[in-house]
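Below you'll find the structure, written out as structure tokens, and then a few comments.
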Amino acid sequence: MSNILVYSLEGKIYINLTNRCTNECIFCLRQDKDDVCGQELWLENEDFSAEDVIEQLKPFISKHFKHDAILSDCQETLTIKPQEGKNEVIFCGYGEPMLKFDILKHVAMYVKENYPGTKIRVNTNGHANFVYKKNVVPELVGLVDEFSVSLNGATSQEYDELSQPKFEQAYVEVKKFIQASSEAGIKTVASIVDGYKGRRLDVEKCREIANGLGAELRVREWIQNGYS
């Protein structure tokens with residue numbers, strides 16, 4: 001089986017960059033299955049380049065991107081251009097995409113240069129600045145339109161119980177990342193997974209935390225078997 005670096009779900013294009021993650025979230029889909037809608041997302045190896053990702057991405061763009069046909073008055077020919085605001089690429093797979101920061105940045109740059117108007121979203125656990133020991137957010141301004149950051153709790157204790165981070169003070173780092181992203185002018189959405197095995201979070205407290213950091217809050221209801 002070759003690496004599936006790009007897949008589609010509900011008409012959107014997703015990019016799957018790594019198996020690695022700095023969390024072991026107890027509700028994560030990968031704890032229970034190896035696929036999303038029959039697409040095997042566990043990578044056989046991680047020895048690939050941005051160019052490899054782009055080559056897998058191109059046919060998905062041809063298939064899934066919406067286009068407008070435009071008649072040129074002077075040439076009387078039709079040209080096809082992507083519909084601005086209608087197309088989206090999301091970095092989200094079985095691992096933490098920001099752990100492949102250079103590849104993510106390169107691919108995002110390719111999309112923006114070749115398909116202007118495409119929205120790029122990164123679903124992240126917000127640990128990148130801790131991992132790289134610097135604020136990497138400014139390097140993605142103009143490339144990433146939205147960060148969806150897993151807040152996953154109203155307190156550090158709750159976050160640790162649900163997300164099982166591999167380093168201490170991870171919750172603090174998540175909040176720092178949310179604030180850094182918001183301050184950089186990138187749309188930032190803090191997300192929580194509510195209802196895991198009947199466990200309910202303090203949604204309003206999470207909303208207050210997210211708003212205080214300059215972000216919106218998205219509540220994701222836990223789905224036991226994820227996408228089938």
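Note on naming: chains are A, B, ... as they come in the structure tokens, residues start from 1 per chain, ligands start from 1 in the order shown.
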Find the residues near Tyr159 in chain A: any atom within 9 Å, counting only C-alpha atoms, skip ones fewer than 6 places away on the same chain, and give them as a list in words.
Leu151, Asn152, Gly153, Pro165, Ala170 and Tyr171 of chain A
List the spatial neighbours of Ala210 in chain A as a ChimeraX atom specification - criterion: any atom at most 9 Å away, only C-alpha atoms, same-chain residues fewer than 2 positions off excluded.
/A:151,175,178-179,189-191,205-208,212-217
Save the residues we just selected, all heavy atoms, as a compact mmCIF listing (two decimals), in the first residue's frame?
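And here is the file that came out, out_24.txt:
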# COMPACT_ATOMS: atom_id res chain seq x y z
N LEU A 151 -8.59 23.01 21.64
CA LEU A 151 -8.51 23.50 23.03
C LEU A 151 -8.81 22.36 24.00
O LEU A 151 -8.11 22.19 25.01
CB LEU A 151 -9.49 24.66 23.22
CG LEU A 151 -9.52 25.31 24.59
CD1 LEU A 151 -8.19 25.97 24.91
CD2 LEU A 151 -10.65 26.34 24.67
N LYS A 175 -2.93 27.56 24.40
CA LYS A 175 -3.52 28.90 24.52
C LYS A 175 -2.59 29.97 23.96
O LYS A 175 -3.05 30.93 23.33
CB LYS A 175 -3.88 29.19 25.98
CG LYS A 175 -5.03 28.32 26.49
CD LYS A 175 -5.57 28.80 27.83
CE LYS A 175 -4.58 28.55 28.96
NZ LYS A 175 -5.15 28.93 30.27
N ILE A 178 -3.02 29.83 20.17
CA ILE A 178 -4.28 30.45 19.76
C ILE A 178 -4.14 31.97 19.73
O ILE A 178 -4.54 32.64 18.77
CB ILE A 178 -5.43 30.02 20.68
CG1 ILE A 178 -5.74 28.53 20.50
CG2 ILE A 178 -6.68 30.86 20.45
CD1 ILE A 178 -6.70 27.96 21.52
N GLN A 179 -3.55 32.52 20.77
CA GLN A 179 -3.38 33.97 20.84
C GLN A 179 -2.42 34.47 19.75
O GLN A 179 -2.68 35.49 19.11
CB GLN A 179 -2.86 34.37 22.21
CG GLN A 179 -2.79 35.87 22.41
CD GLN A 179 -2.63 36.26 23.86
OE1 GLN A 179 -2.20 35.48 24.69
NE2 GLN A 179 -2.99 37.49 24.19
N VAL A 189 -10.01 29.39 15.23
CA VAL A 189 -11.15 28.73 15.86
C VAL A 189 -10.61 27.72 16.85
O VAL A 189 -9.84 26.83 16.50
CB VAL A 189 -12.04 28.03 14.82
CG1 VAL A 189 -13.20 27.31 15.51
CG2 VAL A 189 -12.56 29.02 13.79
N ALA A 190 -10.98 27.87 18.11
CA ALA A 190 -10.63 26.88 19.12
C ALA A 190 -11.73 25.83 19.14
O ALA A 190 -12.92 26.17 19.12
CB ALA A 190 -10.50 27.54 20.49
N SER A 191 -11.34 24.56 19.15
CA SER A 191 -12.35 23.50 19.10
C SER A 191 -12.29 22.63 20.34
O SER A 191 -11.25 22.48 20.98
CB SER A 191 -12.15 22.63 17.85
OG SER A 191 -10.96 21.86 17.96
N LYS A 205 -17.47 28.08 29.54
CA LYS A 205 -16.14 28.42 30.04
C LYS A 205 -15.12 28.32 28.91
O LYS A 205 -14.24 29.18 28.78
CB LYS A 205 -15.77 27.48 31.19
CG LYS A 205 -14.37 27.73 31.75
CD LYS A 205 -14.24 29.12 32.37
CE LYS A 205 -12.89 29.32 33.01
NZ LYS A 205 -12.71 30.70 33.56
N CYS A 206 -15.23 27.29 28.09
CA CYS A 206 -14.34 27.14 26.94
C CYS A 206 -14.51 28.30 25.97
O CYS A 206 -13.53 28.81 25.41
CB CYS A 206 -14.59 25.81 26.23
SG CYS A 206 -14.11 24.35 27.17
N ARG A 207 -15.76 28.73 25.77
CA ARG A 207 -16.03 29.85 24.88
C ARG A 207 -15.39 31.13 25.43
O ARG A 207 -14.81 31.94 24.69
CB ARG A 207 -17.53 30.04 24.69
CG ARG A 207 -17.88 30.99 23.54
CD ARG A 207 -19.39 31.22 23.42
NE ARG A 207 -20.14 29.98 23.50
CZ ARG A 207 -20.31 29.14 22.48
NH1 ARG A 207 -19.75 29.41 21.31
NH2 ARG A 207 -21.02 28.02 22.64
N GLU A 208 -15.51 31.30 26.72
CA GLU A 208 -14.91 32.48 27.36
C GLU A 208 -13.39 32.49 27.18
O GLU A 208 -12.80 33.53 26.87
CB GLU A 208 -15.26 32.47 28.85
CG GLU A 208 -14.68 33.63 29.64
CD GLU A 208 -14.99 33.52 31.13
OE1 GLU A 208 -16.04 32.96 31.48
OE2 GLU A 208 -14.15 33.97 31.93
N GLY A 212 -11.42 35.17 24.81
CA GLY A 212 -10.40 35.98 25.48
C GLY A 212 -9.05 35.94 24.77
O GLY A 212 -8.23 36.85 24.92
N LEU A 213 -8.84 34.88 23.99
CA LEU A 213 -7.60 34.73 23.22
C LEU A 213 -7.75 35.23 21.79
O LEU A 213 -6.82 35.12 20.99
CB LEU A 213 -7.17 33.26 23.22
CG LEU A 213 -6.82 32.66 24.59
CD1 LEU A 213 -6.66 31.15 24.48
CD2 LEU A 213 -5.55 33.28 25.15
N GLY A 214 -8.94 35.74 21.48
CA GLY A 214 -9.19 36.29 20.15
C GLY A 214 -9.73 35.29 19.15
O GLY A 214 -9.72 35.53 17.94
N ALA A 215 -10.25 34.16 19.64
CA ALA A 215 -10.72 33.09 18.76
C ALA A 215 -12.21 32.84 18.94
O ALA A 215 -12.81 33.22 19.95
CB ALA A 215 -9.95 31.80 19.03
N GLU A 216 -12.79 32.17 17.96
CA GLU A 216 -14.14 31.65 18.08
C GLU A 216 -14.06 30.27 18.73
O GLU A 216 -12.98 29.69 18.86
CB GLU A 216 -14.78 31.52 16.70
CG GLU A 216 -14.86 32.81 15.91
CD GLU A 216 -15.37 32.60 14.50
OE1 GLU A 216 -15.91 31.50 14.21
OE2 GLU A 216 -15.22 33.50 13.67
N LEU A 217 -15.20 29.74 19.11
CA LEU A 217 -15.25 28.37 19.65
C LEU A 217 -16.11 27.51 18.75
O LEU A 217 -17.21 27.91 18.36
CB LEU A 217 -15.82 28.34 21.07
CG LEU A 217 -15.87 26.93 21.69
CD1 LEU A 217 -14.46 26.44 22.04
CD2 LEU A 217 -16.77 26.90 22.93
Closest to Arg20 in chain A among A:Thr118, A:Asn125, A:Ser182, A:Ser2, using only C-alpha atoms?
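Nearest to Arg20 in chain A: A:Asn125.
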Give one line per residue of range 97-140 of chain A that approaches range 38-50 of chain A to at most 7 Å, naming the two atoms of the closest pair and their distance in Å to one decimal, counting only C-alpha atoms; sort by chain then ascending residue number and deliver it as CSV.
residue,atom,partner,partner_atom,distance
A:Ile103,CA,A:Ala50,CA,4.9
A:His106,CA,A:Ala50,CA,6.3
A:Val107,CA,A:Ala50,CA,6.0
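Here CA of Glu51 in chain A is placed at a distance of 29.1 Å from CA of Ala180 in chain A.
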Quick one, how far is CA of Glu55 in chain A from CA of Gly95 in chain A?
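Those two atoms sit 20.5 Å apart.
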Mind checking which residues fall within 10 Å of Val131 in chain A, counting only C-alpha atoms, ignoring those fewer than 3 positions away in the same chain, and posting them as a list in words?
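Residues meeting the cut-off are Thr22, Met98, Leu99, Gly126, His127, Ala128, Lys134, Asn135, Val136 and Glu173 of chain A.
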To one decimal place in Å, what is the distance between CA of Phe65 in chain A and CA of Asn87 in chain A?
5.6 Å
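The closest residue to Arg218 in chain A, picked from A:Val172, A:Ala184, A:Val149, A:Val53 and counting only C-alpha atoms, is A:Val149.
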Please return as a PyMOL selection string: the residues of range 33-175 of chain A that backbone DSSP assigns to helix (DSSP H, G or I).
chain A and resi 50-64+97-114+128-132+137-140+156-163+170-175
